[in-house]
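Data block below; observations after.
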Amino acid sequence: MEARLLALFKKAEDYTVLAKFSGRDLKDKSYAPLFPYFAHMKVERGAFRILCDDYVTAESGTGVVHQAPYFGEDDYRVCLANGIITKDMQMICPVDDSGCFTHEVVDFEGMYVKDADKLIVKKLKQEDRLVHQSTVKHSYPFCWRSETPLIYRAVPSWFIRVEHLSEQLLKNNQQTYWVPDFVKERRFANWLREARDWAVSRNRYWGTPIPLWVSDDGEEVVCVGSIEELERLSGSKIDDLHRESVDDLTIASRCGKGTLRRVSEVFDCWFESGSMPYAQMHYPFENKKEFEDSFPADFIAEGIDQTRGWFYTLLVLSTTLFDRPPFKNLIVNGLVLAADGQKMSKRKKNYPDPLTVVRKYGADALRLYLINSPVVRAESLRFKEDGVRDVLKDVFLPWYNAYRFLLQNIQRAQKVDGLRFVYKPSEVDKASNVMDRWILSFTQSLVLFVRREMAAYRLYTVVPWLVKFVDNLTNWYVRSNRKRFKGEAGLEECHQALQTLFSVLFDMVVIMAPFTPFLTEHLYQNLCKLLDPEMLKEQDMGSVHYLMLPQPREALIDSVIERKVARMQALIELGRVVRDRKTLPTKYPLPEVVVIHKDQQYLDDVVDVQAYVLEELNVRLLTTSRDKEKYGVQLRAEPDHKVLGARLKGDFKPVMAAIQALSDSQVEDFLKSKDIEVLGHKLAENDLRIMYSFTGGSTSKYEAHSDDDVLVLLDVTPSQAMIDEGVAREVVNRIQKLRKKAKLLPTDDITVYCDVMPKTEELHRVVEQHTDYIETALKQPLRPYPIPFIGDIIIKEKTEMKGATLEMTVVKRQVDHHLHYPAAPTDDSTPVVCFVNLHLCTPGVPAAPGAAASRDALLFLENPRGDVVSSVAELVQQASVIFSLNGTAVKLYKSAELTEEVLPSVDLLSLNSLTLYASVAGRPPTSAHAIATNGDAVCKYVNVELLDGVPRNGVSGALGCVLLENPRGENVLNADQLLNEVKVLFGQQGRSIRLCTSRDGQHELSATTDLSSLHASRLFVFSR
């Protein structure tokens, strides 16, 4: 009170201090009320006396607070504790539902409480009871809808007694598992310890009616427990439980108190939410066994604001009804706030439109951003759109690029190498390549980790591992195995690499399906087309969301391999730092890298992966050594500042200087003995960090870098030949970027023309001398200018490089078929497109399940007419698919004796109507009898002509052929399949067409047409 005198009086002279004493000395002293409206309470309840409580402070006001027990929480608590009021007494609340004074306040009856302020002050002044009048600004609650001041006002309510359940609530809470657990142990448990009776009634129209029927005097109360009971007690048929249907129902009193009527209140919506486990199953009236088998729930999740809401009401009701917790596991979410830390507000528009974010980045990116945020740890998140973008950039794009890289290389292997890819998990178990085994091990470690974290409901730990996994997959595994994927290391290595990458991506898709449901489903639907058919028989694999989380294949986890590759990664990162420091791009080869480490096991691990170190750092030689003196390297020691600083305190600085001054030999002795004494302090192994110090001098050819464990020396003095090779690599890089800019695929047939101006520059010499290297890297021909007038120019660009101008032109490569292009047949006795018959003459094949039994088939050299097969490799691929020659190397011959092989340089159309003979490499061929066909097709066919409409989707011809069987006598088409084949042939997918046997559009083909009767005839295609 003394501290607040200046709040009442302007100057000290305005008042006189008569005595000083503690406020507690005034406790229970009575006083005359300012207004006489409830003076009777002084006698009845001991009101109008001074009470004490610690919520009154000296920071504001007068230090004296008037208590209005039905208009404030603290007021109610203090008056209840001091016996001024009781819970069950008639409320003293002289304000009506409109915020106006009632008849009890005779001087201001009917007046809105805020409007009465001035009149109340005036009356106090008239009665000489006003000491001081002023205006104080402070925070005040307003209605968020109408933005008008709110009044705290008590209303009569129905309660559920909870206070006596506190111990039971705490006991049941201990049987649950929360993430994070601090919410359970602190925030929620503290709330349960102070649990108060629960007001479950609300004075609204909309809501579930409280099923209490009460007599006029309130003495008799009937709680109705079912529709059947209400019908029996009221004598009325009940079809609807809404207020308008039950409010007028009455029940006759059993105690002679007349008619019982329903109370006017409805249930608090949180009572309904807390009843959810029972209400959803209509328990106990139905599904009693189903409910008992599934209760308590395995898992629920909601925001941290539900600590006093849903979580609480669920537990109160389940404890009251069953003395059991309502759930086993719970994830508490934090709140998502605007970027400035304020609550998101529609009125303020301080957040981006969620649908705009979803349309821009995808629902999966938003989902993963939230999963990786403080929200899943019950903390607040300041939502930033950039965070969603980063998920897309750092996770989804690299992941999708790895998936696209896989499919592109499968297509390349099928087209160029004739490899038919089918994923078989057993193939992965045979992996011998160190990087294959490493990424498989890392993937299975990820599976193990995700299963463990999901069992513990820790969502927030998954994304950091996923980011690391994506980095390992794209920047290490895929990057270091590109040559294997492209078939440069042989067909078997290519096949194994594709199997491994497919296995890793497939497992990743299944693991991440719960986190990114849309992206994983898209990837899965394409990947599952390449699964072994036997896998599809084991379970319904129509969607990734039908699959269970995979079990880790622990046999594939290899800690030794992971250790070796981790060391390889460390070396490569150190080498890249050196290159960056010396501005030496990786394209330029260097002579040598030296790895120095005191542990021979470390060096042996490096030797096992040296091929990848040499490739990634682009060096010619890797040398390992424990002889650090040979390279001018010494050991030095540094103190562990955190450990020693806390332990040595004031002695730390001199000890630190002494540690840093230790000689190489002293550090060596320390490594052997594991301890050392410095300035009287005995230091152990964990107190010091041992590092390498390179003193090679300014004339050394080596540049060094260390991570305090291993030292890498890089010879940074390349020869002229190495410099030239680096320039050639840079030329390749410029051309590859140009191909990417033109959105070309690796399998697109192109020719690259290159010109350097002026010719006197070194760049011209390098390009000429390294043409073979550049062609090998591009896998496409490289030609000098001028460009001949054949083919279409796809893209053209000039760039400055090494002081010269490099001009590059990419041209679509075409085979000149004009010399051998046959005229179209005059009738349909033969296919209208060029074709070859094919006979398989290797014994023991086909061996694949479901493969063709017939050994005679037909291959198109063009279809539609003019759309010519691009290469012999594509023809070989067709043969492999038809005869199910999975992953085998097939060769084609012109003669039955298998002596004249079909070479890549052959003009394909010159083979029209011939019979070719297929043999599988690696299996002893047997000569076959020459097949006499007289140029006729060995399979039944029908020619088709597009009359109504134009070819689409890259197709140019309107005249083609569809095989009714292939191989001979097998894979016979029905009418629907024929219609689909025609759509694909002319690019009419998604369009409705009809097939007719006459050019005028009459005689449409029907589902009952005998297709064998169409052989050697023509169908005409019309739009429907």
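Every chain in the structure tokens has a letter given in the order shown (A, B, ...), and although residue numbers restart at 1 in each chain, ligands are simply numbered from 1 in the order shown.
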Handout entry: All helix (DSSP H, G or I) positions in segment 120-232 of chain A, as a PyMOL selection string
Key = chain A and resi 120-126+163-173+181-193+227-232
Handout entry: Residue contacts of Met454 of chain A (12 Å, only C-alpha atoms) excluding same-chain residues fewer than 2 positions away, as a PyMOL selection string
Key = chain A and resi 179+299+329+331+446-452+456-462+511-512+514-515+549
Problem - Selection near segment 335-342 of chain A, 7 Å with only C-alpha atoms, sequence-local residues under 5 positions removed, as a count of residues only - result: 10
Do you know which residues are at most 10 Å from segment 17-23 of chain A counting only C-alpha atoms, after dropping those on the same chain fewer than 5 positions away, and could you put them as a PDB file with C-alpha atoms, in the first residue's frame?
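Saved the output as out16.pdb:
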```pdb
ATOM      1  CA  MET A   1       0.000   0.000   0.000  1.00  0.00           C
ATOM      2  CA  GLU A   2       2.832   2.359   0.883  1.00  0.00           C
ATOM      3  CA  ALA A  12       3.609  13.726  -0.084  1.00  0.00           C
ATOM      4  CA  ILE A  50     -10.434  -7.788   4.404  1.00  0.00           C
ATOM      5  CA  LEU A  51      -8.876 -10.925   2.868  1.00  0.00           C
ATOM      6  CA  CYS A  52      -5.242 -11.630   1.896  1.00  0.00           C
ATOM      7  CA  GLY A  63      -2.630  -2.522  -3.538  1.00  0.00           C
ATOM      8  CA  VAL A  64      -6.262  -3.097  -2.550  1.00  0.00           C
TER       9      VAL A  64
END
```
Would you kindly return, as a PDB file with N, CA and C atoms, in the first residue's frame, each protein, DNA or RNA residue with an atom no farther than 9 Å from any atom of Asp748 of chain A, considering only C-alpha atoms and excluding same-chain residues fewer than 4 positions away?
```pdb
ATOM      1  N   LEU A 744      17.614 -33.348 -74.512  1.00  0.00           N
ATOM      2  CA  LEU A 744      17.868 -34.602 -75.209  1.00  0.00           C
ATOM      3  C   LEU A 744      18.105 -35.721 -74.205  1.00  0.00           C
ATOM      4  N   LYS A 812      20.388 -33.823 -85.448  1.00  0.00           N
ATOM      5  CA  LYS A 812      19.725 -35.120 -85.376  1.00  0.00           C
ATOM      6  C   LYS A 812      20.322 -36.046 -86.427  1.00  0.00           C
ATOM      7  N   ARG A 813      20.840 -37.188 -85.950  1.00  0.00           N
ATOM      8  CA  ARG A 813      21.495 -38.124 -86.858  1.00  0.00           C
ATOM      9  C   ARG A 813      20.447 -39.023 -87.523  1.00  0.00           C
TER      10      ARG A 813
END
```
Handout entry: Residue set, segment 294-332 of chain A restricted to strand (DSSP E), as a ChimeraX atom specification
Key = /A:297-303,327-332
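Near segment 962-978 of chain A, within a cut-off of 6 Å and counting only C-alpha atoms, sit the residues Asp856, Ala857, Cys939, Lys940, Tyr941, Val942, Asn980, Glu981 and Ala1007 of chain A, with same-chain residues fewer than 2 positions away left out.
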Excluding Asp749 of chain A and residues on its chain fewer than 5 positions from it, collect all residues at most 12 Å away from it, counting only C-alpha atoms, and give them as a PDB file with N, CA, C and O atoms, in the first residue's frame.
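See result23.pdb below for the written result:
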```pdb
ATOM      1  N   ARG A 412      18.205 -47.290 -71.702  1.00  0.00           N
ATOM      2  CA  ARG A 412      19.422 -47.336 -72.516  1.00  0.00           C
ATOM      3  C   ARG A 412      19.936 -48.763 -72.645  1.00  0.00           C
ATOM      4  O   ARG A 412      20.303 -49.222 -73.737  1.00  0.00           O
ATOM      5  N   LYS A 415      17.693 -50.692 -74.988  1.00  0.00           N
ATOM      6  CA  LYS A 415      17.782 -50.274 -76.390  1.00  0.00           C
ATOM      7  C   LYS A 415      19.150 -50.590 -76.994  1.00  0.00           C
ATOM      8  O   LYS A 415      19.245 -51.106 -78.109  1.00  0.00           O
ATOM      9  N   VAL A 416      20.211 -50.303 -76.256  1.00  0.00           N
ATOM     10  CA  VAL A 416      21.559 -50.425 -76.807  1.00  0.00           C
ATOM     11  C   VAL A 416      22.154 -51.802 -76.566  1.00  0.00           C
ATOM     12  O   VAL A 416      22.753 -52.400 -77.464  1.00  0.00           O
ATOM     13  N   ARG A 739      23.381 -30.467 -74.601  1.00  0.00           N
ATOM     14  CA  ARG A 739      22.392 -31.554 -74.790  1.00  0.00           C
ATOM     15  C   ARG A 739      21.275 -31.449 -73.755  1.00  0.00           C
ATOM     16  O   ARG A 739      20.094 -31.633 -74.068  1.00  0.00           O
ATOM     17  N   LEU A 744      17.614 -33.348 -74.512  1.00  0.00           N
ATOM     18  CA  LEU A 744      17.868 -34.602 -75.209  1.00  0.00           C
ATOM     19  C   LEU A 744      18.105 -35.721 -74.205  1.00  0.00           C
ATOM     20  O   LEU A 744      18.621 -35.495 -73.109  1.00  0.00           O
ATOM     21  N   LEU A 778      30.934 -38.808 -74.949  1.00  0.00           N
ATOM     22  CA  LEU A 778      29.603 -38.426 -75.425  1.00  0.00           C
ATOM     23  C   LEU A 778      28.781 -39.612 -75.897  1.00  0.00           C
ATOM     24  O   LEU A 778      27.551 -39.557 -75.923  1.00  0.00           O
ATOM     25  N   LYS A 779      29.492 -40.677 -76.326  1.00  0.00           N
ATOM     26  CA  LYS A 779      28.846 -41.833 -76.967  1.00  0.00           C
ATOM     27  C   LYS A 779      28.079 -41.414 -78.216  1.00  0.00           C
ATOM     28  O   LYS A 779      27.053 -41.999 -78.566  1.00  0.00           O
ATOM     29  N   GLN A 780      28.580 -40.382 -78.848  1.00  0.00           N
ATOM     30  CA  GLN A 780      28.000 -39.868 -80.085  1.00  0.00           C
ATOM     31  C   GLN A 780      29.143 -39.371 -80.960  1.00  0.00           C
ATOM     32  O   GLN A 780      30.222 -39.009 -80.462  1.00  0.00           O
ATOM     33  N   PRO A 781      28.968 -39.345 -82.280  1.00  0.00           N
ATOM     34  CA  PRO A 781      30.041 -38.882 -83.182  1.00  0.00           C
ATOM     35  C   PRO A 781      30.346 -37.393 -82.985  1.00  0.00           C
ATOM     36  O   PRO A 781      29.452 -36.588 -82.723  1.00  0.00           O
ATOM     37  N   GLY A 791      20.002 -33.784 -92.094  1.00  0.00           N
ATOM     38  CA  GLY A 791      19.571 -33.806 -90.698  1.00  0.00           C
ATOM     39  C   GLY A 791      19.073 -32.438 -90.235  1.00  0.00           C
ATOM     40  O   GLY A 791      19.326 -31.414 -90.850  1.00  0.00           O
ATOM     41  N   ASP A 792      18.381 -32.465 -89.109  1.00  0.00           N
ATOM     42  CA  ASP A 792      17.821 -31.251 -88.524  1.00  0.00           C
ATOM     43  C   ASP A 792      18.735 -30.747 -87.418  1.00  0.00           C
ATOM     44  O   ASP A 792      19.190 -31.513 -86.562  1.00  0.00           O
ATOM     45  N   ILE A 794      19.330 -29.318 -84.015  1.00  0.00           N
ATOM     46  CA  ILE A 794      18.544 -29.310 -82.781  1.00  0.00           C
ATOM     47  C   ILE A 794      18.863 -28.081 -81.946  1.00  0.00           C
ATOM     48  O   ILE A 794      17.972 -27.395 -81.444  1.00  0.00           O
ATOM     49  N   VAL A 810      24.430 -29.316 -82.438  1.00  0.00           N
ATOM     50  CA  VAL A 810      23.907 -30.680 -82.280  1.00  0.00           C
ATOM     51  C   VAL A 810      22.882 -30.921 -83.378  1.00  0.00           C
ATOM     52  O   VAL A 810      21.925 -30.165 -83.534  1.00  0.00           O
ATOM     53  N   VAL A 811      23.115 -32.006 -84.155  1.00  0.00           N
ATOM     54  CA  VAL A 811      22.274 -32.321 -85.314  1.00  0.00           C
ATOM     55  C   VAL A 811      21.651 -33.699 -85.106  1.00  0.00           C
ATOM     56  O   VAL A 811      22.307 -34.627 -84.623  1.00  0.00           O
ATOM     57  N   LYS A 812      20.388 -33.823 -85.448  1.00  0.00           N
ATOM     58  CA  LYS A 812      19.725 -35.120 -85.376  1.00  0.00           C
ATOM     59  C   LYS A 812      20.322 -36.046 -86.427  1.00  0.00           C
ATOM     60  O   LYS A 812      20.337 -35.733 -87.608  1.00  0.00           O
ATOM     61  N   ARG A 813      20.840 -37.188 -85.950  1.00  0.00           N
ATOM     62  CA  ARG A 813      21.495 -38.124 -86.858  1.00  0.00           C
ATOM     63  C   ARG A 813      20.447 -39.023 -87.523  1.00  0.00           C
ATOM     64  O   ARG A 813      19.591 -39.593 -86.853  1.00  0.00           O
ATOM     65  N   GLN A 814      20.525 -39.116 -88.833  1.00  0.00           N
ATOM     66  CA  GLN A 814      19.568 -39.922 -89.584  1.00  0.00           C
ATOM     67  C   GLN A 814      20.309 -40.913 -90.482  1.00  0.00           C
ATOM     68  O   GLN A 814      21.408 -40.633 -90.961  1.00  0.00           O
ATOM     69  N   VAL A 815      19.715 -42.054 -90.644  1.00  0.00           N
ATOM     70  CA  VAL A 815      20.270 -43.052 -91.570  1.00  0.00           C
ATOM     71  C   VAL A 815      19.641 -42.830 -92.941  1.00  0.00           C
ATOM     72  O   VAL A 815      18.423 -42.656 -93.062  1.00  0.00           O
ATOM     73  N   VAL A 869      13.042 -48.068 -87.619  1.00  0.00           N
ATOM     74  CA  VAL A 869      13.812 -48.471 -86.443  1.00  0.00           C
ATOM     75  C   VAL A 869      15.175 -47.802 -86.515  1.00  0.00           C
ATOM     76  O   VAL A 869      15.811 -47.762 -87.571  1.00  0.00           O
ATOM     77  N   SER A 870      15.652 -47.280 -85.368  1.00  0.00           N
ATOM     78  CA  SER A 870      16.844 -46.435 -85.392  1.00  0.00           C
ATOM     79  C   SER A 870      18.141 -47.198 -85.531  1.00  0.00           C
ATOM     80  O   SER A 870      19.119 -46.667 -86.051  1.00  0.00           O
ATOM     81  N   SER A 871      18.190 -48.448 -85.069  1.00  0.00           N
ATOM     82  CA  SER A 871      19.472 -49.150 -85.061  1.00  0.00           C
ATOM     83  C   SER A 871      19.265 -50.654 -84.949  1.00  0.00           C
ATOM     84  O   SER A 871      18.161 -51.134 -84.632  1.00  0.00           O
TER      85      SER A 871
END
```
Practice task
Give the answer as one residue: which of A:Leu875, A:Ile120, A:Val752, A:Val65 has the shortest atom-to-atom distance to Leu738 of chain A, using only C-alpha atoms?
Solution key: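 Among the listed residues, A:Val752 lies closest to Leu738 of chain A.
The spacing separating atom CA of Pro822 of chain A from atom CA of Ser956 of chain A amounts to 18.0 Å.
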